[in-house]
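Student: Contents of entry_6.cif (mmCIF, C-alpha atoms) are below:
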```cif
data_start
loop_
_atom_site.label_atom_id
_atom_site.label_comp_id
_atom_site.auth_asym_id
_atom_site.auth_seq_id
_atom_site.Cartn_x
_atom_site.Cartn_y
_atom_site.Cartn_z
CA MET E 1 -16.51 -18.82 -29.61
CA SER E 2 -18.20 -21.34 -31.86
CA GLY E 3 -17.46 -21.17 -35.56
CA PRO E 4 -14.95 -18.84 -37.10
CA CYS E 5 -13.79 -15.73 -35.33
CA VAL E 6 -15.82 -12.68 -36.38
CA ILE E 7 -13.71 -9.53 -36.71
CA GLY E 8 -14.72 -5.87 -36.87
CA VAL E 9 -12.12 -3.33 -37.94
CA LEU E 10 -12.08 0.38 -37.11
CA VAL E 11 -10.04 2.71 -39.32
CA SER E 12 -9.49 6.44 -39.71
CA GLY E 13 -6.82 6.53 -42.40
CA SER E 14 -5.26 4.77 -45.33
CA GLY E 15 -6.00 1.28 -44.03
CA THR E 16 -2.72 -0.45 -44.92
CA ASN E 17 -2.88 -2.62 -41.81
CA LEU E 18 -6.54 -3.39 -42.56
CA GLU E 19 -5.69 -4.52 -46.10
CA ASN E 20 -2.83 -6.65 -44.84
CA ILE E 21 -5.06 -8.29 -42.21
CA ALA E 22 -7.81 -8.89 -44.78
CA LEU E 23 -5.27 -10.62 -47.05
CA ARG E 24 -4.11 -12.83 -44.21
CA VAL E 25 -7.77 -13.73 -43.54
CA GLU E 26 -8.29 -14.58 -47.23
CA GLU E 27 -5.19 -16.78 -47.20
CA GLY E 28 -6.50 -18.63 -44.15
CA PHE E 29 -3.61 -17.55 -41.93
CA ILE E 30 -6.18 -15.92 -39.65
CA PRO E 31 -9.05 -18.37 -39.01
CA GLY E 32 -11.85 -15.82 -39.06
CA ARG E 33 -13.76 -13.39 -41.21
CA ILE E 34 -14.04 -9.62 -41.28
CA ALA E 35 -17.72 -8.80 -40.79
CA ILE E 36 -17.49 -5.01 -41.03
CA VAL E 37 -15.10 -2.09 -41.41
CA ILE E 38 -16.14 1.17 -39.77
CA SER E 39 -14.52 4.57 -40.17
CA ASP E 40 -15.04 7.82 -38.31
CA VAL E 41 -13.54 9.70 -41.28
CA GLU E 42 -15.58 9.90 -44.49
CA GLU E 43 -12.61 10.13 -46.87
CA ALA E 44 -10.55 7.40 -45.11
CA TYR E 45 -8.92 5.39 -47.88
CA GLY E 46 -9.36 2.33 -45.69
CA LEU E 47 -13.05 2.34 -46.69
CA VAL E 48 -12.06 2.18 -50.38
CA ARG E 49 -9.64 -0.66 -49.77
CA ALA E 50 -12.27 -2.54 -47.74
CA ARG E 51 -14.94 -2.26 -50.45
CA ARG E 52 -12.44 -3.27 -53.12
CA MET E 53 -11.88 -6.45 -51.13
CA GLY E 54 -15.62 -7.09 -50.94
CA LEU E 55 -16.02 -6.11 -47.29
CA GLU E 56 -18.90 -4.15 -45.82
CA ALA E 57 -17.45 -0.71 -45.13
CA VAL E 58 -19.35 2.14 -43.50
CA PHE E 59 -18.65 5.67 -42.46
CA ILE E 60 -20.31 6.67 -39.20
CA ASP E 61 -20.19 10.42 -38.79
CA PRO E 62 -19.20 11.49 -35.26
CA ARG E 63 -20.90 14.84 -35.90
CA SER E 64 -24.26 13.08 -36.09
CA PHE E 65 -23.96 12.19 -32.42
CA PRO E 66 -24.11 14.52 -29.43
CA ASP E 67 -21.07 12.99 -27.70
CA ARG E 68 -18.50 10.21 -27.81
CA SER E 69 -20.59 8.02 -25.60
CA SER E 70 -23.56 7.95 -27.98
CA TYR E 71 -21.21 7.49 -30.95
CA ASP E 72 -19.58 4.53 -29.23
CA ARG E 73 -23.00 3.05 -28.47
CA GLU E 74 -23.84 3.11 -32.17
CA LEU E 75 -20.55 1.34 -32.93
CA ILE E 76 -21.23 -1.24 -30.23
CA ARG E 77 -24.70 -1.84 -31.71
CA MET E 78 -23.38 -2.34 -35.24
CA LEU E 79 -20.57 -4.63 -34.13
CA ALA E 80 -22.78 -6.68 -31.80
CA GLU E 81 -25.43 -7.04 -34.52
CA ARG E 82 -22.82 -8.78 -36.67
CA GLY E 83 -21.68 -10.99 -33.80
CA VAL E 84 -18.21 -9.48 -33.69
CA ASP E 85 -15.84 -11.37 -31.39
CA LEU E 86 -12.79 -9.16 -31.85
CA VAL E 87 -12.51 -5.45 -32.58
CA VAL E 88 -9.29 -4.53 -34.39
CA LEU E 89 -8.18 -0.90 -34.32
CA ALA E 90 -6.19 -0.29 -37.48
CA GLY E 91 -5.13 3.33 -37.48
CA TYR E 92 -8.30 4.39 -35.66
CA MET E 93 -7.51 7.85 -34.31
CA LYS E 94 -10.50 8.30 -32.02
CA LEU E 95 -10.04 7.20 -28.42
CA VAL E 96 -12.65 4.56 -27.62
CA GLY E 97 -14.63 5.34 -24.48
CA PRO E 98 -15.20 3.30 -21.32
CA GLU E 99 -18.54 1.91 -22.52
CA PHE E 100 -16.91 0.60 -25.66
CA VAL E 101 -14.06 -0.94 -23.67
CA SER E 102 -16.46 -2.59 -21.31
CA ALA E 103 -18.70 -3.91 -24.12
CA PHE E 104 -15.67 -5.62 -25.69
CA ARG E 105 -13.45 -6.13 -22.68
CA GLU E 106 -10.28 -8.04 -23.59
CA ARG E 107 -11.62 -8.22 -27.14
CA ILE E 108 -10.21 -4.96 -28.58
CA MET E 109 -6.72 -4.88 -30.06
CA ASN E 110 -4.55 -1.97 -31.11
CA ILE E 111 -1.14 -1.70 -32.72
CA HIS E 112 1.30 1.03 -31.73
CA PRO E 113 4.47 2.09 -33.58
CA ALA E 114 6.77 2.09 -30.52
CA LEU E 115 7.75 -0.17 -27.64
CA LEU E 116 5.13 0.75 -25.06
CA PRO E 117 5.19 2.11 -22.39
CA SER E 118 7.67 4.34 -24.27
CA PHE E 119 6.14 6.93 -26.59
CA PRO E 120 2.37 6.44 -26.24
CA GLY E 121 -0.03 8.69 -28.12
CA THR E 122 -0.36 9.68 -31.73
CA SER E 123 3.27 10.42 -32.64
CA GLY E 124 5.18 7.38 -31.42
CA VAL E 125 7.65 7.40 -34.31
CA ALA E 126 8.48 11.11 -34.21
CA ASP E 127 8.71 11.07 -30.42
CA ALA E 128 11.18 8.16 -30.46
CA LEU E 129 13.36 9.96 -33.02
CA ALA E 130 13.27 13.21 -31.05
CA TYR E 131 14.20 11.41 -27.83
CA GLY E 132 17.18 9.83 -29.55
CA VAL E 133 16.55 6.15 -28.76
CA LYS E 134 18.62 3.56 -30.62
CA VAL E 135 15.90 0.91 -30.42
CA THR E 136 12.16 1.39 -30.90
CA GLY E 137 9.60 -1.09 -32.20
CA VAL E 138 6.04 -2.26 -32.48
CA THR E 139 3.50 -3.20 -29.80
CA VAL E 140 0.22 -5.08 -30.21
CA HIS E 141 -1.90 -4.71 -27.10
CA PHE E 142 -5.38 -5.11 -25.73
CA VAL E 143 -7.20 -1.82 -25.30
CA ASP E 144 -8.23 -0.72 -21.83
CA GLU E 145 -9.51 2.61 -20.51
CA GLY E 146 -6.10 4.29 -20.67
CA LEU E 147 -4.09 5.71 -23.56
CA ASP E 148 -2.03 2.79 -24.91
CA THR E 149 -1.87 1.20 -21.46
CA GLY E 150 -3.56 -2.19 -21.98
CA PRO E 151 -1.93 -5.62 -21.60
CA ILE E 152 0.76 -6.26 -24.22
CA ILE E 153 0.26 -9.20 -26.57
CA LEU E 154 3.34 -8.97 -28.83
CA GLN E 155 6.30 -6.64 -29.18
CA GLU E 156 9.21 -6.57 -31.56
CA ALA E 157 12.22 -4.29 -31.55
CA VAL E 158 13.16 -2.14 -34.55
CA PRO E 159 16.58 -0.43 -34.68
CA VAL E 160 16.85 3.30 -35.27
CA LEU E 161 19.61 3.68 -37.87
CA PRO E 162 21.99 6.61 -38.36
CA GLY E 163 20.40 9.08 -40.75
CA ASP E 164 16.86 7.83 -40.11
CA ASP E 165 14.08 10.36 -40.53
CA GLU E 166 10.43 9.79 -39.65
CA GLU E 167 9.67 8.32 -43.06
CA THR E 168 12.49 5.77 -43.22
CA LEU E 169 11.92 4.69 -39.62
CA HIS E 170 8.14 4.45 -40.07
CA GLN E 171 8.68 2.32 -43.17
CA ARG E 172 10.83 -0.14 -41.19
CA ILE E 173 8.21 -0.17 -38.41
CA HIS E 174 5.35 -0.80 -40.87
CA GLU E 175 7.08 -3.91 -42.15
CA VAL E 176 7.08 -5.33 -38.64
CA GLU E 177 3.45 -4.26 -38.12
CA TYR E 178 2.38 -6.26 -41.19
CA ARG E 179 3.86 -9.37 -39.60
CA LEU E 180 2.99 -8.79 -35.94
CA TYR E 181 -0.68 -7.75 -36.14
CA PRO E 182 -1.86 -10.83 -38.07
CA GLU E 183 0.10 -13.05 -35.65
CA ALA E 184 -1.69 -11.52 -32.65
CA ILE E 185 -5.12 -11.74 -34.32
CA ARG E 186 -4.48 -15.33 -35.33
CA ALA E 187 -3.51 -16.24 -31.76
CA PHE E 188 -6.71 -14.59 -30.47
CA CYS E 189 -8.88 -16.39 -33.04
CA GLU E 190 -7.26 -19.70 -32.16
CA GLY E 191 -8.08 -19.07 -28.48
CA ARG E 192 -4.40 -19.01 -27.52
CA LEU E 193 -4.30 -15.70 -25.61
CA ARG E 194 -4.72 -15.69 -21.85
CA ILE E 195 -4.59 -12.50 -19.82
CA VAL E 196 -3.11 -12.97 -16.34
CA GLY E 197 -3.01 -9.66 -14.49
CA ARG E 198 -1.15 -7.38 -16.86
CA ARG E 199 0.63 -10.19 -18.68
CA VAL E 200 -0.63 -11.91 -21.79
CA GLU E 201 0.33 -15.55 -22.12
CA ILE E 202 0.42 -17.00 -25.59
CA LEU E 203 -0.35 -20.70 -25.52
CA GLU E 204 1.32 -22.96 -28.09
CA MET B 205 42.42 14.07 -24.88
CA SER B 206 46.10 13.36 -25.31
CA GLY B 207 47.40 9.95 -24.33
CA PRO B 208 45.17 7.11 -23.22
CA CYS B 209 41.70 7.72 -21.91
CA VAL B 210 41.66 7.98 -18.11
CA ILE B 211 38.62 6.32 -16.55
CA GLY B 212 37.14 6.66 -13.07
CA VAL B 213 34.52 4.14 -11.96
CA LEU B 214 31.87 4.63 -9.28
CA VAL B 215 30.30 1.53 -7.71
CA SER B 216 27.92 0.75 -4.88
CA GLY B 217 27.54 -3.00 -5.23
CA SER B 218 29.07 -6.21 -6.45
CA GLY B 219 30.97 -4.58 -9.30
CA THR B 220 30.40 -7.19 -12.02
CA ASN B 221 30.26 -4.52 -14.71
CA LEU B 222 33.38 -2.89 -13.25
CA GLU B 223 35.28 -6.18 -13.40
CA ASN B 224 34.15 -6.81 -16.95
CA ILE B 225 35.21 -3.30 -18.02
CA ALA B 226 38.58 -3.69 -16.28
CA LEU B 227 39.15 -6.95 -18.17
CA ARG B 228 38.34 -5.26 -21.47
CA VAL B 229 40.83 -2.52 -20.58
CA GLU B 230 43.52 -5.11 -19.79
CA GLU B 231 42.88 -6.85 -23.10
CA GLY B 232 43.29 -3.56 -24.94
CA PHE B 233 39.71 -3.56 -26.26
CA ILE B 234 39.20 -0.26 -24.42
CA PRO B 235 42.16 2.05 -25.16
CA GLY B 236 42.42 3.58 -21.71
CA ARG B 237 43.23 2.91 -18.09
CA ILE B 238 41.16 2.87 -14.91
CA ALA B 239 42.73 5.43 -12.59
CA ILE B 240 40.43 4.95 -9.60
CA VAL B 241 37.39 3.10 -8.33
CA ILE B 242 35.27 4.90 -5.75
CA SER B 243 32.42 3.47 -3.71
CA ASP B 244 29.87 5.14 -1.47
CA VAL B 245 29.29 1.79 0.28
CA GLU B 246 32.04 0.43 2.52
CA GLU B 247 31.25 -3.25 2.03
CA ALA B 248 30.73 -2.97 -1.76
CA TYR B 249 32.26 -6.09 -3.26
CA GLY B 250 33.30 -3.93 -6.23
CA LEU B 251 36.10 -2.54 -4.03
CA VAL B 252 37.42 -6.07 -3.43
CA ARG B 253 37.30 -6.91 -7.12
CA ALA B 254 39.06 -3.65 -7.99
CA ARG B 255 41.91 -4.21 -5.53
CA ARG B 256 42.28 -7.80 -6.69
CA MET B 257 42.84 -6.41 -10.18
CA GLY B 258 45.46 -4.00 -8.89
CA LEU B 259 43.30 -0.89 -9.13
CA GLU B 260 43.19 1.94 -6.62
CA ALA B 261 39.89 1.48 -4.81
CA VAL B 262 38.56 3.81 -2.14
CA PHE B 263 35.47 4.06 0.00
CA ILE B 264 34.30 7.62 0.54
CA ASP B 265 31.77 7.72 3.35
CA PRO B 266 28.75 9.91 2.53
CA ARG B 267 28.13 10.27 6.29
CA SER B 268 31.40 12.22 6.61
CA PHE B 269 29.91 15.03 4.54
CA PRO B 270 27.11 17.39 5.48
CA ASP B 271 25.26 17.03 2.17
CA ARG B 272 25.36 15.51 -1.32
CA SER B 273 26.89 18.62 -2.77
CA SER B 274 29.99 18.50 -0.54
CA TYR B 275 30.26 14.73 -1.09
CA ASP B 276 30.14 15.26 -4.84
CA ARG B 277 32.81 17.98 -4.58
CA GLU B 278 35.14 15.51 -2.88
CA LEU B 279 34.51 13.00 -5.69
CA ILE B 280 35.14 15.67 -8.32
CA ARG B 281 38.41 16.60 -6.60
CA MET B 282 39.65 13.00 -6.44
CA LEU B 283 38.70 12.29 -10.05
CA ALA B 284 40.16 15.56 -11.37
CA GLU B 285 43.39 14.99 -9.42
CA ARG B 286 43.87 11.78 -11.40
CA GLY B 287 43.06 13.47 -14.70
CA VAL B 288 39.89 11.43 -15.26
CA ASP B 289 38.39 11.93 -18.73
CA LEU B 290 35.40 9.64 -18.32
CA VAL B 291 33.36 8.74 -15.24
CA VAL B 292 31.69 5.33 -15.52
CA LEU B 293 28.80 4.57 -13.19
CA ALA B 294 28.76 0.82 -12.63
CA GLY B 295 25.93 0.05 -10.27
CA TYR B 296 26.37 3.35 -8.45
CA MET B 297 23.15 3.82 -6.52
CA LYS B 298 23.59 7.43 -5.43
CA LEU B 299 22.18 10.08 -7.75
CA VAL B 300 25.00 12.39 -8.82
CA GLY B 301 24.19 16.05 -8.27
CA PRO B 302 24.18 19.01 -10.65
CA GLU B 303 27.71 20.11 -9.70
CA PHE B 304 29.05 16.68 -10.52
CA VAL B 305 27.19 16.61 -13.83
CA SER B 306 28.51 20.02 -14.75
CA ALA B 307 32.11 19.16 -13.75
CA PHE B 308 32.01 16.14 -16.10
CA ARG B 309 29.40 17.26 -18.62
CA GLU B 310 29.04 14.70 -21.43
CA ARG B 311 31.76 12.66 -19.72
CA ILE B 312 29.63 10.55 -17.34
CA MET B 313 28.12 7.27 -18.52
CA ASN B 314 25.56 5.03 -16.94
CA ILE B 315 24.06 1.68 -17.88
CA HIS B 316 20.40 0.90 -17.25
CA PRO B 317 18.72 -2.52 -17.37
CA ALA B 318 15.75 -1.45 -19.53
CA LEU B 319 15.06 0.35 -22.79
CA LEU B 320 14.84 3.94 -21.61
CA PRO B 321 12.67 5.99 -21.44
CA SER B 322 10.72 2.92 -20.27
CA PHE B 323 11.28 1.86 -16.66
CA PRO B 324 13.75 4.42 -15.27
CA GLY B 325 14.84 4.27 -11.65
CA THR B 326 16.27 1.54 -9.50
CA SER B 327 14.00 -1.40 -10.41
CA GLY B 328 14.03 -1.45 -14.21
CA VAL B 329 13.91 -5.24 -14.46
CA ALA B 330 11.13 -5.81 -11.93
CA ASP B 331 9.10 -2.90 -13.35
CA ALA B 332 9.33 -4.30 -16.90
CA LEU B 333 8.18 -7.72 -15.69
CA ALA B 334 5.30 -6.23 -13.71
CA TYR B 335 4.18 -4.14 -16.69
CA GLY B 336 4.12 -7.24 -18.87
CA VAL B 337 6.33 -6.08 -21.76
CA LYS B 338 7.52 -8.70 -24.23
CA VAL B 339 10.71 -6.79 -25.07
CA THR B 340 13.00 -4.97 -22.68
CA GLY B 341 16.73 -4.37 -22.93
CA VAL B 342 19.79 -2.40 -21.99
CA THR B 343 20.60 1.30 -22.37
CA VAL B 344 23.99 3.01 -22.09
CA HIS B 345 23.52 6.76 -21.77
CA PHE B 346 25.27 9.95 -20.80
CA VAL B 347 24.21 11.24 -17.42
CA ASP B 348 22.47 14.59 -17.17
CA GLU B 349 20.63 16.27 -14.30
CA GLY B 350 17.55 14.03 -14.62
CA LEU B 351 16.90 10.47 -13.52
CA ASP B 352 18.03 8.27 -16.43
CA THR B 353 17.15 11.00 -18.95
CA GLY B 354 20.50 11.75 -20.63
CA PRO B 355 21.36 11.21 -24.32
CA ILE B 356 21.37 7.54 -25.30
CA ILE B 357 24.62 6.06 -26.63
CA LEU B 358 23.69 2.41 -27.23
CA GLN B 359 20.61 0.27 -26.73
CA GLU B 360 19.93 -3.38 -27.32
CA ALA B 361 16.67 -5.28 -27.00
CA VAL B 362 16.31 -8.33 -24.77
CA PRO B 363 13.22 -10.56 -25.06
CA VAL B 364 11.10 -11.35 -22.03
CA LEU B 365 10.44 -15.08 -22.24
CA PRO B 366 7.44 -17.05 -20.91
CA GLY B 367 8.17 -18.09 -17.35
CA ASP B 368 10.81 -15.41 -16.79
CA ASP B 369 11.24 -14.18 -13.24
CA GLU B 370 13.40 -11.27 -12.16
CA GLU B 371 16.46 -13.48 -11.82
CA THR B 372 16.32 -15.18 -15.21
CA LEU B 373 15.52 -11.93 -16.98
CA HIS B 374 18.25 -10.02 -15.15
CA GLN B 375 20.75 -12.73 -16.09
CA ARG B 376 19.89 -12.31 -19.79
CA ILE B 377 20.15 -8.52 -19.43
CA HIS B 378 23.54 -8.76 -17.67
CA GLU B 379 24.98 -10.69 -20.61
CA VAL B 380 24.06 -7.83 -22.92
CA GLU B 381 25.43 -5.28 -20.43
CA TYR B 382 28.83 -7.01 -20.45
CA ARG B 383 28.98 -6.50 -24.20
CA LEU B 384 27.35 -3.07 -24.54
CA TYR B 385 29.11 -1.09 -21.80
CA PRO B 386 32.67 -1.80 -23.04
CA GLU B 387 31.56 -0.93 -26.59
CA ALA B 388 30.26 2.46 -25.48
CA ILE B 389 33.37 3.19 -23.38
CA ARG B 390 35.64 2.14 -26.23
CA ALA B 391 33.79 4.46 -28.64
CA PHE B 392 34.16 7.33 -26.16
CA CYS B 393 37.87 6.67 -25.66
CA GLU B 394 38.38 6.53 -29.41
CA GLY B 395 36.71 9.93 -29.72
CA ARG B 396 33.88 8.50 -31.81
CA LEU B 397 30.87 9.83 -29.86
CA ARG B 398 29.26 13.08 -30.89
CA ILE B 399 26.24 14.50 -29.08
CA VAL B 400 23.87 16.42 -31.35
CA GLY B 401 20.91 17.73 -29.37
CA ARG B 402 19.54 14.61 -27.69
CA ARG B 403 21.02 12.19 -30.22
CA VAL B 404 24.41 10.53 -29.92
CA GLU B 405 26.16 9.87 -33.22
CA ILE B 406 28.69 7.07 -33.26
CA LEU B 407 31.37 7.75 -35.85
CA GLU B 408 32.97 4.80 -37.64
#
```
Before anything else, please render the file you have as structure tokens.

Tutor:
Amino acid sequence: MSGPCVIGVLVSGSGTNLENIALRVEEGFIPGRIAIVISDVEEAYGLVRARRMGLEAVFIDPRSFPDRSSYDRELIRMLAERGVDLVVLAGYMKLVGPEFVSAFRERIMNIHPALLPSFPGTSGVADALAYGVKVTGVTVHFVDEGLDTGPIILQEAVPVLPGDDEETLHQRIHEVEYRLYPEAIRAFCEGRLRIVGRRVEILE
Amino acid sequence: MSGPCVIGVLVSGSGTNLENIALRVEEGFIPGRIAIVISDVEEAYGLVRARRMGLEAVFIDPRSFPDRSSYDRELIRMLAERGVDLVVLAGYMKLVGPEFVSAFRERIMNIHPALLPSFPGTSGVADALAYGVKVTGVTVHFVDEGLDTGPIILQEAVPVLPGDDEETLHQRIHEVEYRLYPEAIRAFCEGRLRIVGRRVEILE
């Protein structure tokens, strides 16, 4: 990369991680800029937050495309047009397809509210509670073709406390997410991440 | 239970957890006594450690029994004869069968060198390293009919550090095991564990 790291963010929901990342970019903690925010959900509040922060924010309607592959190609086109170096999934609920992964290989990040490989999928917090673990956590990982299977960049443990329900546990997990995701993005933008097999080395 | 908690320990290997537990019993940290140590491996060093500490220690040869079920029945008989309240698996490599589980339902504990449900089975440390997680840990759980699937009593996270190999990581995990297993056994012996569905509540 020459110049600052160009970031594209995909959201489907409220966009709290997006807003937090955008703030850390503004502060200079992350040496980059957010070039575009894309949502697959028209009413995603993440779009509102993005525009309020002066970011380009667009809804791309999946129903306007015959299949996921053509939808993904449109996303790839928009991101590439803006010279995006890193795609950040921030509560993006659509599974990105193989073409997308291969267009941005080792340049797509996701955050998951559990310690992968435990509790992949869309209900990591509820699944951890139902299983009865005493420790869960947060995982930031690169996205590959699988469901939450890509190389792990950062993880941090979060205790499950007596009396926790999904809301109290998710709240504790979110606090860690707000710290961990910017750290991983910063390390990427500073060129300090090296993938060796399945392991991600973080250079000092 | 009336009187002190009677503990039976099953080992297959070096018996470091057994020795640590026996020391915590001697100190009075665990309010109980170890009535017998049984191994399915003749040369298990755990038998030597046990005898050195003045414990009854016996090798029961699996090859003297036609199948696992009859082997397990012999173990059940020996443990029941000594009034064992709690069976502690301490590096016992044989999978206990359904009869054994049902004879000591919610009274068999195991320790696993990973944060279950991640990395079950016999190579939890190597599997975690190969996967590339940044956080692994230790799990103490009740044993049910599955492989490392029973209700979780205690868990503690252990970081995977840059440059870790199986030996350095296992060493860090062992240190946590030496603390966590006695805590779980103590809580059991004090009658402070309550299983509710898949969750284990630890009463104060």

Student: Enter the distance from CA of Val196 in chain E to CA of Val364 in chain B, in Å, rounded to one decimal.

Tutor: 15.4 Å

Student: Run the PyMOL selection byres ((chain B and resi 320) around 8) mentally over the shown coordinates, then write out the matched residues as a ChimeraX atom specification, using the chain letters and numbers from the document.

Tutor: /E:118,133 /B:316,318-319,321-324,343,352-353

Student: Just the selected residues (C-alpha atoms), exported as a PDB file, keeping the file's coordinate frame, please.

Tutor:
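Writing the result to again-v8.pdb gives the following:
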```pdb
ATOM      1  CA  SER E 118       7.670   4.340 -24.270  1.00  0.00           C
ATOM      2  CA  VAL E 133      16.550   6.150 -28.760  1.00  0.00           C
TER       3      VAL E 133
ATOM      4  CA  HIS B 316      20.400   0.900 -17.250  1.00  0.00           C
ATOM      5  CA  ALA B 318      15.750  -1.450 -19.530  1.00  0.00           C
ATOM      6  CA  LEU B 319      15.060   0.350 -22.790  1.00  0.00           C
ATOM      7  CA  PRO B 321      12.670   5.990 -21.440  1.00  0.00           C
ATOM      8  CA  SER B 322      10.720   2.920 -20.270  1.00  0.00           C
ATOM      9  CA  PHE B 323      11.280   1.860 -16.660  1.00  0.00           C
ATOM     10  CA  PRO B 324      13.750   4.420 -15.270  1.00  0.00           C
ATOM     11  CA  THR B 343      20.600   1.300 -22.370  1.00  0.00           C
ATOM     12  CA  ASP B 352      18.030   8.270 -16.430  1.00  0.00           C
ATOM     13  CA  THR B 353      17.150  11.000 -18.950  1.00  0.00           C
TER      14      THR B 353
END
```

Student: Mind dumping a table of every chain E residue within 10 Å of chain B, with the nearest atom pair and its distance in Å to one decimal, using only C-alpha atoms, sorted by chain and rising number, as a tab-separated table?

Tutor:
```
residue	atom	partner	partner_atom	distance
E:Leu115	CA	B:Val339	CA	7.7
E:Leu116	CA	B:Ser322	CA	7.7
E:Pro117	CA	B:Ser322	CA	6.0
E:Ser118	CA	B:Ser322	CA	5.2
E:Phe119	CA	B:Pro321	CA	8.4
E:Ala128	CA	B:Pro321	CA	9.4
E:Leu129	CA	B:Arg403	CA	8.5
E:Ala130	CA	B:Arg402	CA	7.2
E:Tyr131	CA	B:Arg402	CA	6.2
E:Gly132	CA	B:Arg403	CA	4.6
E:Val133	CA	B:Ile356	CA	6.1
E:Lys134	CA	B:Gln359	CA	5.5
E:Val135	CA	B:Gln359	CA	6.0
E:Thr136	CA	B:Leu319	CA	8.7
E:Gly137	CA	B:Val339	CA	9.2
E:Val138	CA	B:Val339	CA	9.9
E:Thr139	CA	B:Lys338	CA	8.8
E:His141	CA	B:Val337	CA	9.9
E:Thr149	CA	B:Tyr335	CA	9.4
E:Gly150	CA	B:Tyr335	CA	9.6
E:Pro151	CA	B:Gly336	CA	6.8
E:Ile152	CA	B:Val337	CA	6.1
E:Ile153	CA	B:Lys338	CA	7.6
E:Leu154	CA	B:Lys338	CA	6.2
E:Gln155	CA	B:Lys338	CA	5.5
E:Glu156	CA	B:Val339	CA	6.7
E:Ala157	CA	B:Ala361	CA	6.4
E:Val158	CA	B:Ala361	CA	8.9
E:Pro159	CA	B:Glu360	CA	8.6
E:Val160	CA	B:Gln359	CA	9.8
E:Pro162	CA	B:Glu405	CA	7.4
E:Gly163	CA	B:Glu405	CA	9.5
E:Val196	CA	B:Gly336	CA	9.6
E:Gly197	CA	B:Gly336	CA	8.7
E:Arg198	CA	B:Gly336	CA	5.6
E:Arg199	CA	B:Gly336	CA	4.6
E:Val200	CA	B:Gly336	CA	7.3
E:Glu201	CA	B:Pro366	CA	7.4
E:Ile202	CA	B:Pro366	CA	8.4
E:Leu203	CA	B:Pro366	CA	9.8
```

Student: Those residues with C-alpha atoms, as a CSV table (one decimal), keeping the file's coordinate frame please?

Tutor:
```csv
chain,number,residue,atom,x,y,z
E,115,LEU,CA,7.8,-0.2,-27.6
E,116,LEU,CA,5.1,0.8,-25.1
E,117,PRO,CA,5.2,2.1,-22.4
E,118,SER,CA,7.7,4.3,-24.3
E,119,PHE,CA,6.1,6.9,-26.6
E,128,ALA,CA,11.2,8.2,-30.5
E,129,LEU,CA,13.4,10.0,-33.0
E,130,ALA,CA,13.3,13.2,-31.0
E,131,TYR,CA,14.2,11.4,-27.8
E,132,GLY,CA,17.2,9.8,-29.6
E,133,VAL,CA,16.6,6.2,-28.8
E,134,LYS,CA,18.6,3.6,-30.6
E,135,VAL,CA,15.9,0.9,-30.4
E,136,THR,CA,12.2,1.4,-30.9
E,137,GLY,CA,9.6,-1.1,-32.2
E,138,VAL,CA,6.0,-2.3,-32.5
E,139,THR,CA,3.5,-3.2,-29.8
E,141,HIS,CA,-1.9,-4.7,-27.1
E,149,THR,CA,-1.9,1.2,-21.5
E,150,GLY,CA,-3.6,-2.2,-22.0
E,151,PRO,CA,-1.9,-5.6,-21.6
E,152,ILE,CA,0.8,-6.3,-24.2
E,153,ILE,CA,0.3,-9.2,-26.6
E,154,LEU,CA,3.3,-9.0,-28.8
E,155,GLN,CA,6.3,-6.6,-29.2
E,156,GLU,CA,9.2,-6.6,-31.6
E,157,ALA,CA,12.2,-4.3,-31.6
E,158,VAL,CA,13.2,-2.1,-34.6
E,159,PRO,CA,16.6,-0.4,-34.7
E,160,VAL,CA,16.8,3.3,-35.3
E,162,PRO,CA,22.0,6.6,-38.4
E,163,GLY,CA,20.4,9.1,-40.8
E,196,VAL,CA,-3.1,-13.0,-16.3
E,197,GLY,CA,-3.0,-9.7,-14.5
E,198,ARG,CA,-1.2,-7.4,-16.9
E,199,ARG,CA,0.6,-10.2,-18.7
E,200,VAL,CA,-0.6,-11.9,-21.8
E,201,GLU,CA,0.3,-15.6,-22.1
E,202,ILE,CA,0.4,-17.0,-25.6
E,203,LEU,CA,-0.4,-20.7,-25.5
```

Student: Using the chain letters and numbers from the file, which residues does the PyMOL selection byres ((chain B and resi 347) around 6) grab, as a ChimeraX atom specification?

Tutor: /B:312-313,346,348,354

Student: Can you work out which one of B:Ile234, B:Leu222, B:Leu365, B:Ala330 has the shortest atom-to-atom distance to Gly395 in chain B, counting all atoms listed in the file?

Tutor: B:Ile234

Student: For the file shown, what are the residues hit by the PyMOL selection byres ((chain E and resi 31) around 10), laid out as a ChimeraX atom specification?

Tutor: /E:3-6,24-30,32-33,185-190

Student: If you measure from CA of Gly8 in chain E to CA of Ile36 in chain E, what distance in Å do you get, rounded to one decimal?

Tutor: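 Spanning CA of Gly8 in chain E to CA of Ile36 in chain E is a straight-line distance of 5.1 Å.
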
Student: Just give me the gap between CA of Arg255 in chain B and CA of Leu279 in chain B in Å, one decimal is fine.

Tutor: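 Computing the Euclidean distance for CA of Arg255 in chain B and CA of Leu279 in chain B yields 18.7 Å.
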
Student: Can you work out which one of E:Leu193, E:Ile7, E:Arg179, E:Lys94 has the shortest atom-to-atom distance to Asn20 in chain E, counting all atoms listed in the file?

Tutor: E:Arg179

Student: Between E:Val58, E:Ala80, E:Met53, E:Val101, single out the one closest to Ile21 in chain E, counting only C-alpha atoms.

Tutor: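 Nearest to Ile21 in chain E: E:Met53.
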
Student: Residues at most 9 Å from Glu246 in chain B, counting only C-alpha atoms, excluding those fewer than 3 positions away in the same chain, as a PyMOL selection string?

Tutor: chain B and resi 216+243+249+251+262-265
